[in-house]
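Peer 1: I am sharing query39.pdb, which consists of PDB, C-alpha atoms and all ligand atoms:
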```
ATOM      1  CA  MET A 235       8.008   6.331   6.026  1.00  0.00           C
ATOM      2  CA  ARG A 236       6.568   9.685   7.097  1.00  0.00           C
ATOM      3  CA  GLU A 237       3.063  10.529   5.937  1.00  0.00           C
ATOM      4  CA  PHE A 238       0.960  13.642   6.352  1.00  0.00           C
ATOM      5  CA  LEU A 239      -2.756  14.046   5.740  1.00  0.00           C
ATOM      6  CA  LEU A 240      -4.289  17.497   5.403  1.00  0.00           C
ATOM      7  CA  LYS A 241      -8.060  17.426   5.921  1.00  0.00           C
ATOM      8  CA  SER A 242      -9.179  20.233   3.644  1.00  0.00           C
ATOM      9  CA  ASN A 243     -12.227  22.084   2.389  1.00  0.00           C
ATOM     10  CA  GLY A 244     -10.625  22.275  -1.070  1.00  0.00           C
ATOM     11  CA  VAL A 245     -12.944  21.850  -4.044  1.00  0.00           C
ATOM     12  CA  THR A 246     -13.270  18.460  -5.750  1.00  0.00           C
ATOM     13  CA  GLY A 247     -13.839  19.721  -9.306  1.00  0.00           C
ATOM     14  CA  ASP A 248     -12.460  22.311 -11.717  1.00  0.00           C
ATOM     15  CA  PHE A 249     -11.112  25.580 -10.293  1.00  0.00           C
ATOM     16  CA  SER A 250      -9.282  28.684 -11.479  1.00  0.00           C
ATOM     17  CA  LEU A 251      -5.524  28.836 -10.999  1.00  0.00           C
ATOM     18  CA  ASN A 252      -6.054  32.592 -10.588  1.00  0.00           C
ATOM     19  CA  ASP A 253      -8.224  32.159  -7.490  1.00  0.00           C
ATOM     20  CA  LEU A 254      -6.835  29.423  -5.245  1.00  0.00           C
ATOM     21  CA  PRO A 255      -8.331  30.899  -2.033  1.00  0.00           C
ATOM     22  CA  GLY A 256     -11.756  30.837  -3.732  1.00  0.00           C
ATOM     23  CA  ALA A 257     -11.363  27.116  -4.435  1.00  0.00           C
ATOM     24  CA  GLY A 258     -11.932  26.129  -0.788  1.00  0.00           C
ATOM     25  CA  ARG A 259      -8.501  27.533   0.162  1.00  0.00           C
ATOM     26  CA  MET A 260      -6.616  25.370  -2.315  1.00  0.00           C
ATOM     27  CA  ASP A 261      -3.680  27.734  -1.603  1.00  0.00           C
ATOM     28  CA  VAL A 262      -3.443  26.099   1.842  1.00  0.00           C
ATOM     29  CA  VAL A 263      -3.240  22.657   0.217  1.00  0.00           C
ATOM     30  CA  CYS A 264      -0.547  23.812  -2.231  1.00  0.00           C
ATOM     31  CA  ARG A 265       1.613  25.343   0.488  1.00  0.00           C
ATOM     32  CA  ALA A 266       1.230  22.170   2.549  1.00  0.00           C
ATOM     33  CA  VAL A 267       2.390  20.030  -0.406  1.00  0.00           C
ATOM     34  CA  THR A 268       5.499  22.170  -0.803  1.00  0.00           C
ATOM     35  CA  ALA A 269       6.295  22.321   2.932  1.00  0.00           C
ATOM     36  CA  CYS A 270       5.863  18.566   3.154  1.00  0.00           C
ATOM     37  CA  LEU A 271       7.698  17.333   0.074  1.00  0.00           C
ATOM     38  CA  TRP A 272      10.335  19.944  -0.777  1.00  0.00           C
ATOM     39  CA  LEU A 273      13.765  20.594   0.641  1.00  0.00           C
ATOM     40  CA  SER A 274      15.573  23.672  -0.694  1.00  0.00           C
ATOM     41  CA  ASP A 275      16.454  22.195  -4.063  1.00  0.00           C
ATOM     42  CA  GLN A 276      15.023  18.697  -4.222  1.00  0.00           C
ATOM     43  CA  LEU A 277      11.990  16.605  -3.428  1.00  0.00           C
ATOM     44  CA  ARG A 278      12.199  14.479  -0.300  1.00  0.00           C
ATOM     45  CA  LYS A 279      12.116  10.733  -0.735  1.00  0.00           C
ATOM     46  CA  ASP A 280      11.045   9.965   2.842  1.00  0.00           C
ATOM     47  CA  THR A 281       7.511  11.396   2.897  1.00  0.00           C
ATOM     48  CA  ILE A 282       4.096  10.837   1.332  1.00  0.00           C
ATOM     49  CA  PHE A 283       1.507  13.627   1.359  1.00  0.00           C
ATOM     50  CA  HIS A 284      -2.275  13.162   1.291  1.00  0.00           C
ATOM     51  CA  ALA A 285      -4.880  15.900   0.812  1.00  0.00           C
ATOM     52  CA  LEU A 286      -8.389  14.823   1.720  1.00  0.00           C
ATOM     53  CA  LEU A 287     -10.596  17.281  -0.178  1.00  0.00           C
ATOM     54  CA  GLU A 288     -14.110  17.689   1.178  1.00  0.00           C
ATOM     55  CA  GLY A 289     -15.371  20.646  -0.881  1.00  0.00           C
ATOM     56  CA  LYS A 290     -17.957  20.655  -3.695  1.00  0.00           C
ATOM     57  CA  PRO A 291     -18.918  19.197  -6.161  1.00  0.00           C
ATOM     58  CA  SER A 292     -18.041  15.523  -5.516  1.00  0.00           C
ATOM     59  CA  PRO A 293     -16.405  14.917  -2.128  1.00  0.00           C
ATOM     60  CA  PRO A 294     -14.534  13.127  -0.760  1.00  0.00           C
ATOM     61  CA  LYS A 295     -11.418  12.966  -2.902  1.00  0.00           C
ATOM     62  CA  LEU A 296      -8.135  11.766  -1.476  1.00  0.00           C
ATOM     63  CA  LEU A 297      -5.085  12.979  -3.425  1.00  0.00           C
ATOM     64  CA  THR A 298      -1.891  11.095  -2.595  1.00  0.00           C
ATOM     65  CA  PHE A 299       1.477  12.527  -3.655  1.00  0.00           C
ATOM     66  CA  ASP A 300       4.428  10.134  -3.897  1.00  0.00           C
ATOM     67  CA  PRO A 301       7.599  12.167  -4.501  1.00  0.00           C
ATOM     68  CA  LYS A 302       9.470   9.117  -5.809  1.00  0.00           C
ATOM     69  CA  LYS A 303       7.153   9.095  -8.829  1.00  0.00           C
ATOM     70  CA  LEU A 304       6.289  12.787  -9.239  1.00  0.00           C
ATOM     71  CA  LYS A 305       7.319  14.492 -12.481  1.00  0.00           C
ATOM     72  CA  ARG A 306       7.636  18.237 -13.079  1.00  0.00           C
ATOM     73  CA  LEU A 307       6.184  19.148  -9.687  1.00  0.00           C
ATOM     74  CA  TYR A 308       7.860  22.383  -8.566  1.00  0.00           C
ATOM     75  CA  PRO A 309       7.641  24.240  -5.247  1.00  0.00           C
ATOM     76  CA  ASP A 310       5.528  27.187  -6.414  1.00  0.00           C
ATOM     77  CA  GLU A 311       1.840  27.246  -5.524  1.00  0.00           C
ATOM     78  CA  ARG A 312       0.607  27.690  -9.095  1.00  0.00           C
ATOM     79  CA  ASN A 313       2.510  24.651 -10.354  1.00  0.00           C
ATOM     80  CA  VAL A 314       1.232  22.483  -7.493  1.00  0.00           C
ATOM     81  CA  ALA A 315      -2.306  23.778  -8.077  1.00  0.00           C
ATOM     82  CA  ALA A 316      -2.061  22.906 -11.781  1.00  0.00           C
ATOM     83  CA  HIS A 317      -1.150  19.313 -10.859  1.00  0.00           C
ATOM     84  CA  ILE A 318      -4.081  19.109  -8.448  1.00  0.00           C
ATOM     85  CA  ARG A 319      -6.506  20.578 -10.981  1.00  0.00           C
ATOM     86  CA  LEU A 320      -5.523  18.145 -13.741  1.00  0.00           C
ATOM     87  CA  SER A 321      -5.740  15.216 -11.298  1.00  0.00           C
ATOM     88  CA  LEU A 322      -9.255  16.294 -10.289  1.00  0.00           C
ATOM     89  CA  LEU A 323     -10.218  16.574 -13.949  1.00  0.00           C
ATOM     90  CA  GLY A 324      -9.230  12.938 -14.452  1.00  0.00           C
ATOM     91  CA  ARG A 325      -5.820  13.356 -16.095  1.00  0.00           C
ATOM     92  CA  LYS A 326      -3.269  10.706 -14.995  1.00  0.00           C
ATOM     93  CA  MET A 327      -0.474  12.650 -13.287  1.00  0.00           C
ATOM     94  CA  PRO A 328       2.678  10.689 -12.397  1.00  0.00           C
ATOM     95  CA  GLY A 329       3.047  10.385  -8.629  1.00  0.00           C
ATOM     96  CA  ILE A 330      -0.498  11.575  -7.821  1.00  0.00           C
ATOM     97  CA  GLU A 331      -3.282   9.117  -7.057  1.00  0.00           C
ATOM     98  CA  VAL A 332      -6.934  10.094  -6.648  1.00  0.00           C
ATOM     99  CA  ASN A 333      -9.293   7.952  -4.559  1.00  0.00           C
ATOM    100  CA  ASN A 334     -12.891   8.439  -3.494  1.00  0.00           C
ATOM    101  CA  ILE A 335     -12.409   7.504   0.140  1.00  0.00           C
ATOM    102  CA  SER A 336     -13.764   9.267   3.202  1.00  0.00           C
ATOM    103  CA  PHE A 337     -11.672  10.437   6.149  1.00  0.00           C
ATOM    104  CA  GLU A 338     -13.235   7.770   8.397  1.00  0.00           C
ATOM    105  CA  ASP A 339     -12.596   4.926   5.934  1.00  0.00           C
ATOM    106  CA  PHE A 340      -9.038   6.081   5.280  1.00  0.00           C
ATOM    107  CA  LEU A 341      -8.333   6.087   9.025  1.00  0.00           C
ATOM    108  CA  LYS A 342      -9.791   2.598   9.413  1.00  0.00           C
ATOM    109  CA  GLN A 343      -7.590   1.410   6.551  1.00  0.00           C
ATOM    110  CA  GLN A 344      -4.435   2.912   8.101  1.00  0.00           C
ATOM    111  CA  ASN A 345      -5.157   2.141  11.731  1.00  0.00           C
ATOM    112  CA  LYS A 346      -3.331  -1.134  12.202  1.00  0.00           C
ATOM    113  CA  GLN A 347      -0.389  -0.324   9.958  1.00  0.00           C
ATOM    114  CA  LYS A 348       1.185   2.777  11.482  1.00  0.00           C
ATOM    115  CA  GLN A 349       1.358   5.242  14.333  1.00  0.00           C
ATOM    116  CA  ILE A 350      -1.351   7.879  13.795  1.00  0.00           C
ATOM    117  CA  ILE A 351      -0.921  11.315  15.365  1.00  0.00           C
ATOM    118  CA  PHE A 352      -3.430  14.180  15.294  1.00  0.00           C
ATOM    119  CA  LEU A 353      -2.044  17.722  15.345  1.00  0.00           C
ATOM    120  CA  ASP A 354      -3.599  19.887  18.024  1.00  0.00           C
ATOM    121  CA  LYS A 355      -2.126  22.779  19.977  1.00  0.00           C
ATOM    122  CA  ASP A 356      -3.334  21.220  23.243  1.00  0.00           C
ATOM    123  CA  GLY A 357      -1.751  17.830  22.582  1.00  0.00           C
ATOM    124  CA  LYS A 358       1.424  16.302  24.039  1.00  0.00           C
ATOM    125  CA  ASP A 359       4.575  18.274  23.234  1.00  0.00           C
ATOM    126  CA  ILE A 360       6.390  17.141  20.069  1.00  0.00           C
ATOM    127  CA  ARG A 361       9.641  17.140  22.086  1.00  0.00           C
ATOM    128  CA  ASP A 362       8.273  14.394  24.348  1.00  0.00           C
ATOM    129  CA  PHE A 363       7.080  12.194  21.510  1.00  0.00           C
ATOM    130  CA  ILE A 364       8.662   8.945  20.412  1.00  0.00           C
ATOM    131  CA  PHE A 365       7.982   8.294  16.749  1.00  0.00           C
ATOM    132  CA  GLU A 366       7.688   4.912  15.116  1.00  0.00           C
ATOM    133  CA  LYS A 367       9.276   4.219  11.742  1.00  0.00           C
ATOM    134  CA  ASP A 368       5.923   4.476   9.957  1.00  0.00           C
ATOM    135  CA  VAL A 369       3.999   7.479  11.171  1.00  0.00           C
ATOM    136  CA  LEU A 370       0.979   9.372   9.839  1.00  0.00           C
ATOM    137  CA  PHE A 371       0.357  12.980  10.940  1.00  0.00           C
ATOM    138  CA  ILE A 372      -3.128  14.413  10.510  1.00  0.00           C
ATOM    139  CA  LEU A 373      -3.892  18.115  10.503  1.00  0.00           C
ATOM    140  CA  GLY A 374      -6.627  20.527   9.496  1.00  0.00           C
ATOM    141  CA  ASP A 375      -6.719  23.455   7.064  1.00  0.00           C
ATOM    142  CA  HIS A 376      -7.719  27.037   8.000  1.00  0.00           C
ATOM    143  CA  LYS A 377     -10.939  25.684   9.580  1.00  0.00           C
ATOM    144  CA  GLY A 378      -9.070  23.155  11.727  1.00  0.00           C
ATOM    145  CA  LEU A 379      -9.958  19.607  12.719  1.00  0.00           C
ATOM    146  CA  LYS A 380     -13.328  18.967  14.365  1.00  0.00           C
ATOM    147  CA  LYS A 381     -13.403  17.307  17.798  1.00  0.00           C
ATOM    148  CA  GLU A 382     -14.944  14.190  16.253  1.00  0.00           C
ATOM    149  CA  ASP A 383     -12.129  13.970  13.669  1.00  0.00           C
ATOM    150  CA  ILE A 384      -9.577  13.317  16.412  1.00  0.00           C
ATOM    151  CA  LYS A 385      -9.537   9.613  17.169  1.00  0.00           C
ATOM    152  CA  GLY A 386      -6.118   9.035  18.695  1.00  0.00           C
ATOM    153  CA  GLU A 387      -3.111  10.643  20.333  1.00  0.00           C
ATOM    154  CA  LYS A 388      -2.713  14.409  19.926  1.00  0.00           C
ATOM    155  CA  MET A 389       0.575  16.234  19.418  1.00  0.00           C
ATOM    156  CA  SER A 390       1.368  19.921  19.864  1.00  0.00           C
ATOM    157  CA  VAL A 391       4.181  21.917  18.289  1.00  0.00           C
ATOM    158  CA  GLY A 392       3.634  24.806  20.715  1.00  0.00           C
ATOM    159  CA  LYS A 393       0.944  26.915  22.325  1.00  0.00           C
ATOM    160  CA  LYS A 394       0.432  29.259  19.386  1.00  0.00           C
ATOM    161  CA  ILE A 395      -1.845  28.319  16.457  1.00  0.00           C
ATOM    162  CA  TYR A 396       0.260  27.954  13.333  1.00  0.00           C
ATOM    163  CA  LEU A 397      -0.573  27.650   9.645  1.00  0.00           C
ATOM    164  CA  ALA A 398      -0.857  24.053   8.462  1.00  0.00           C
ATOM    165  CA  SER A 399       2.256  24.468   6.276  1.00  0.00           C
ATOM    166  CA  GLN A 400       4.207  25.837   9.262  1.00  0.00           C
ATOM    167  CA  VAL A 401       3.170  22.882  11.416  1.00  0.00           C
ATOM    168  CA  ILE A 402       4.389  20.499   8.704  1.00  0.00           C
ATOM    169  CA  SER A 403       7.751  22.306   8.456  1.00  0.00           C
ATOM    170  CA  ILE A 404       8.216  22.147  12.226  1.00  0.00           C
ATOM    171  CA  ILE A 405       7.531  18.389  12.267  1.00  0.00           C
ATOM    172  CA  GLN A 406       9.750  17.674   9.268  1.00  0.00           C
ATOM    173  CA  ASN A 407      12.560  19.632  10.889  1.00  0.00           C
ATOM    174  CA  GLU A 408      12.142  17.797  14.209  1.00  0.00           C
ATOM    175  CA  LEU A 409      12.231  14.395  12.477  1.00  0.00           C
ATOM    176  CA  ASP A 410      15.224  15.425  10.346  1.00  0.00           C
ATOM    177  CA  ARG A 411      17.113  16.612  13.442  1.00  0.00           C
ATOM    178  CA  ARG A 412      16.490  13.289  15.183  1.00  0.00           C
ATOM    179  CA  GLU A 413      18.001  11.473  12.218  1.00  0.00           C
ATOM    180  CA  GLU A 414      21.171  13.642  12.093  1.00  0.00           C
TER     181      GLU A 414
HETATM  182  C1  LIG A 501      -4.376  27.092  10.741  1.00  0.00           C
HETATM  183  S1  LIG A 501      -4.567  25.794  11.884  1.00  0.00           S
HETATM  184  C2  LIG A 501      -6.312  25.748  12.109  1.00  0.00           C
HETATM  185  C3  LIG A 501      -6.877  26.970  12.724  1.00  0.00           C
HETATM  186  C4  LIG A 501      -8.320  26.794  13.153  1.00  0.00           C
HETATM  187  N1  LIG A 501      -8.936  28.086  13.179  1.00  0.00           N
HETATM  188  C5  LIG A 501      -8.377  26.133  14.535  1.00  0.00           C
HETATM  189  O1  LIG A 501      -8.438  26.886  15.510  1.00  0.00           O
HETATM  190  O2  LIG A 501      -8.321  24.914  14.632  1.00  0.00           O
HETATM  191  C6  LIG A 501      -4.305  24.371  10.882  1.00  0.00           C
HETATM  192  C7  LIG A 501      -4.014  23.097  11.601  1.00  0.00           C
HETATM  193  O3  LIG A 501      -2.689  23.113  12.087  1.00  0.00           O
HETATM  194  C8  LIG A 501      -2.598  22.330  13.255  1.00  0.00           C
HETATM  195  N2  LIG A 501      -2.000  23.208  14.285  1.00  0.00           N
HETATM  196  C9  LIG A 501      -1.987  24.546  14.330  1.00  0.00           C
HETATM  197  N3  LIG A 501      -1.295  24.988  15.399  1.00  0.00           N
HETATM  198  C10 LIG A 501      -0.828  23.873  16.027  1.00  0.00           C
HETATM  199  C11 LIG A 501      -0.040  23.649  17.196  1.00  0.00           C
HETATM  200  N4  LIG A 501       0.427  24.638  17.943  1.00  0.00           N
HETATM  201  N5  LIG A 501       0.257  22.364  17.522  1.00  0.00           N
HETATM  202  C12 LIG A 501      -0.201  21.318  16.774  1.00  0.00           C
HETATM  203  N6  LIG A 501      -0.950  21.497  15.669  1.00  0.00           N
HETATM  204  C13 LIG A 501      -1.276  22.737  15.312  1.00  0.00           C
HETATM  205  C14 LIG A 501      -3.990  21.820  13.604  1.00  0.00           C
HETATM  206  O4  LIG A 501      -4.144  20.492  13.137  1.00  0.00           O
HETATM  207  C15 LIG A 501      -4.866  22.754  12.796  1.00  0.00           C
HETATM  208  O5  LIG A 501      -6.065  22.121  12.406  1.00  0.00           O
END
```
Can you give me the file's structure in the form of structure tokens?
Ligand SMILES: C[S@@+](CC[C@H](N)C(=O)[O-])C[C@H]1O[C@@H](n2cnc3c(N)ncnc32)[C@H](O)[C@@H]1O
Peer 2:
Amino acid sequence: MREFLLKSNGVTGDFSLNDLPGAGRMDVVCRAVTACLWLSDQLRKDTIFHALLEGKPSPPKLLTFDPKKLKRLYPDERNVAAHIRLSLLGRKMPGIEVNNISFEDFLKQQNKQKQIIFLDKDGKDIRDFIFEKDVLFILGDHKGLKKEDIKGEKMSVGKKIYLASQVISIIQNELDRREE
């Protein structure tokens, strides 16, 4: 299974669907969800997406999206944001789990179960990487990952700095191509 975790400054309470950038750049989270889970006309079944929200008022909140269980999640940002908002407000949304777990504790939990790869432009080239069957990719939002967040092997998708959603698309495409 492929998994992605976006470490984000997104808010952890109510926010306006009319101002996603003002909600700790929730627009970045929404675009990452879509890049990660959508093909042109269907949800992927091979990937789980996590957003670790560290914004106010009650961080941390880990949102986990399982496309096999998601209902009425569409690729547009506003629809994804509506799902996130309702989840944060405590509504049970099919295919979305909310947990109060920190980045450090989540990593400890995952550590022995799968290959963990941190996305960094100065890491080893994606084209030289060998991926295990169960792999977790970790990347930052517009503010990036801090040095102390990176606790394992680093992978680069090129020397330019890309948007988080672009990095996810590049990785998904690389993994898809290797399976063709
Ligand atoms: C918009 S970038 C963050 C920009 C931030 N100002 C910085 O310099 O870290 C979002 C995330 O995408 C990942 N990323 C961006 N460009 C990358 C590259 N060329 N290779 C690997 N990961 C990259 C990193 O994890 C980064 O935290």
Peer 1: Would you list the residues that come within 6 Å of ligand LIG 501 (chain A)? Count only C-alpha atoms and all ligand atoms and give the answer as a PDB file with C-alpha atoms, in the frame of the given file.
Peer 2:
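Saved as part_0.pdb:
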```
ATOM      1  CA  LEU A 353      -2.044  17.722  15.345  1.00  0.00           C
ATOM      2  CA  ASP A 354      -3.599  19.887  18.024  1.00  0.00           C
ATOM      3  CA  LYS A 355      -2.126  22.779  19.977  1.00  0.00           C
ATOM      4  CA  LEU A 373      -3.892  18.115  10.503  1.00  0.00           C
ATOM      5  CA  GLY A 374      -6.627  20.527   9.496  1.00  0.00           C
ATOM      6  CA  ASP A 375      -6.719  23.455   7.064  1.00  0.00           C
ATOM      7  CA  HIS A 376      -7.719  27.037   8.000  1.00  0.00           C
ATOM      8  CA  LYS A 377     -10.939  25.684   9.580  1.00  0.00           C
ATOM      9  CA  GLY A 378      -9.070  23.155  11.727  1.00  0.00           C
ATOM     10  CA  LEU A 379      -9.958  19.607  12.719  1.00  0.00           C
ATOM     11  CA  MET A 389       0.575  16.234  19.418  1.00  0.00           C
ATOM     12  CA  SER A 390       1.368  19.921  19.864  1.00  0.00           C
ATOM     13  CA  VAL A 391       4.181  21.917  18.289  1.00  0.00           C
ATOM     14  CA  GLY A 392       3.634  24.806  20.715  1.00  0.00           C
ATOM     15  CA  LYS A 393       0.944  26.915  22.325  1.00  0.00           C
ATOM     16  CA  LYS A 394       0.432  29.259  19.386  1.00  0.00           C
ATOM     17  CA  ILE A 395      -1.845  28.319  16.457  1.00  0.00           C
ATOM     18  CA  TYR A 396       0.260  27.954  13.333  1.00  0.00           C
ATOM     19  CA  LEU A 397      -0.573  27.650   9.645  1.00  0.00           C
ATOM     20  CA  ALA A 398      -0.857  24.053   8.462  1.00  0.00           C
ATOM     21  CA  VAL A 401       3.170  22.882  11.416  1.00  0.00           C
TER      22      VAL A 401
END
```
Peer 1: Which neighbours of Gly329 (chain A) fall inside 8 Å, counting all atoms listed in the file, when residues of the same chain fewer than 2 positions from it are skipped, and could you give them as a PyMOL selection string?
Peer 2: chain A and resi 298-305+327+331
Peer 1: Any chance you could export the current selection's C-alpha atoms as a tab-separated table (two decimals), in the frame of the given file?
Peer 2:
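Heads up, here's the output in part04.tsv:
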```tsv
chain	number	residue	atom	x	y	z
A	298	THR	CA	-1.89	11.10	-2.60
A	299	PHE	CA	1.48	12.53	-3.66
A	300	ASP	CA	4.43	10.13	-3.90
A	301	PRO	CA	7.60	12.17	-4.50
A	302	LYS	CA	9.47	9.12	-5.81
A	303	LYS	CA	7.15	9.10	-8.83
A	304	LEU	CA	6.29	12.79	-9.24
A	305	LYS	CA	7.32	14.49	-12.48
A	327	MET	CA	-0.47	12.65	-13.29
A	331	GLU	CA	-3.28	9.12	-7.06
```
Peer 1: Might you spell out which residues the PyMOL selection byres (((chain A and resi 362-370) around 6) and not hetatm) would select in the displayed file, as a list in words?
Peer 2: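 The output of the PyMOL selection byres (((chain A and resi 362-370) around 6) and not hetatm) on this file is Met235, Arg236, Glu237, Phe238, Lys348, Gln349, Ile350, Asp359, Ile360, Arg361 and Phe371 of chain A.
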Peer 1: A:Leu251, A:Ala316, A:Leu273, A:Leu240: which is nearest Glu288 (chain A), counting all atoms listed in the file?
Peer 2: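 Using all atoms listed in the file, the shortest distance to Glu288 (chain A) belongs to A:Leu240.
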Peer 1: For Ile330 (chain A), which of A:Lys346, A:Arg278, A:Arg312, A:His284 is the closest residue, counting all atoms listed in the file?
Peer 2: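 Distance minimum relative to Ile330 (chain A) lands on A:His284.
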Peer 1: I need the residue nearest Arg319 (chain A) from this list: A:Leu277, A:Leu239, A:Leu254, A:Cys270. Use all atoms listed in the file for the distance.
Peer 2: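 When distances to Arg319 (chain A) are compared using all atoms listed in the file, the smallest one comes from A:Leu254.
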Peer 1: Take CA of Ile405 (chain A) and CA of Asp280 (chain A) and report the distance between them in Å, one decimal.
Peer 2: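 Atom-to-atom, CA of Ile405 (chain A) and CA of Asp280 (chain A) are spaced 13.1 Å apart.
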Peer 1: Given the PyMOL selection byres (((chain A and resi 315) around 10) and not hetatm) and the file above, list the residues it selects as a list in words.
Peer 2: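 Taken on the displayed file, the PyMOL selection byres (((chain A and resi 315) around 10) and not hetatm) yields the residues Phe249, Ser250, Leu251, Asn252, Leu254, Met260, Asp261, Val263, Cys264, Arg265, Val267, Leu307, Asp310, Glu311, Arg312, Asn313, Val314, Ala316, His317, Ile318, Arg319, Leu320 and Ser321 of chain A.
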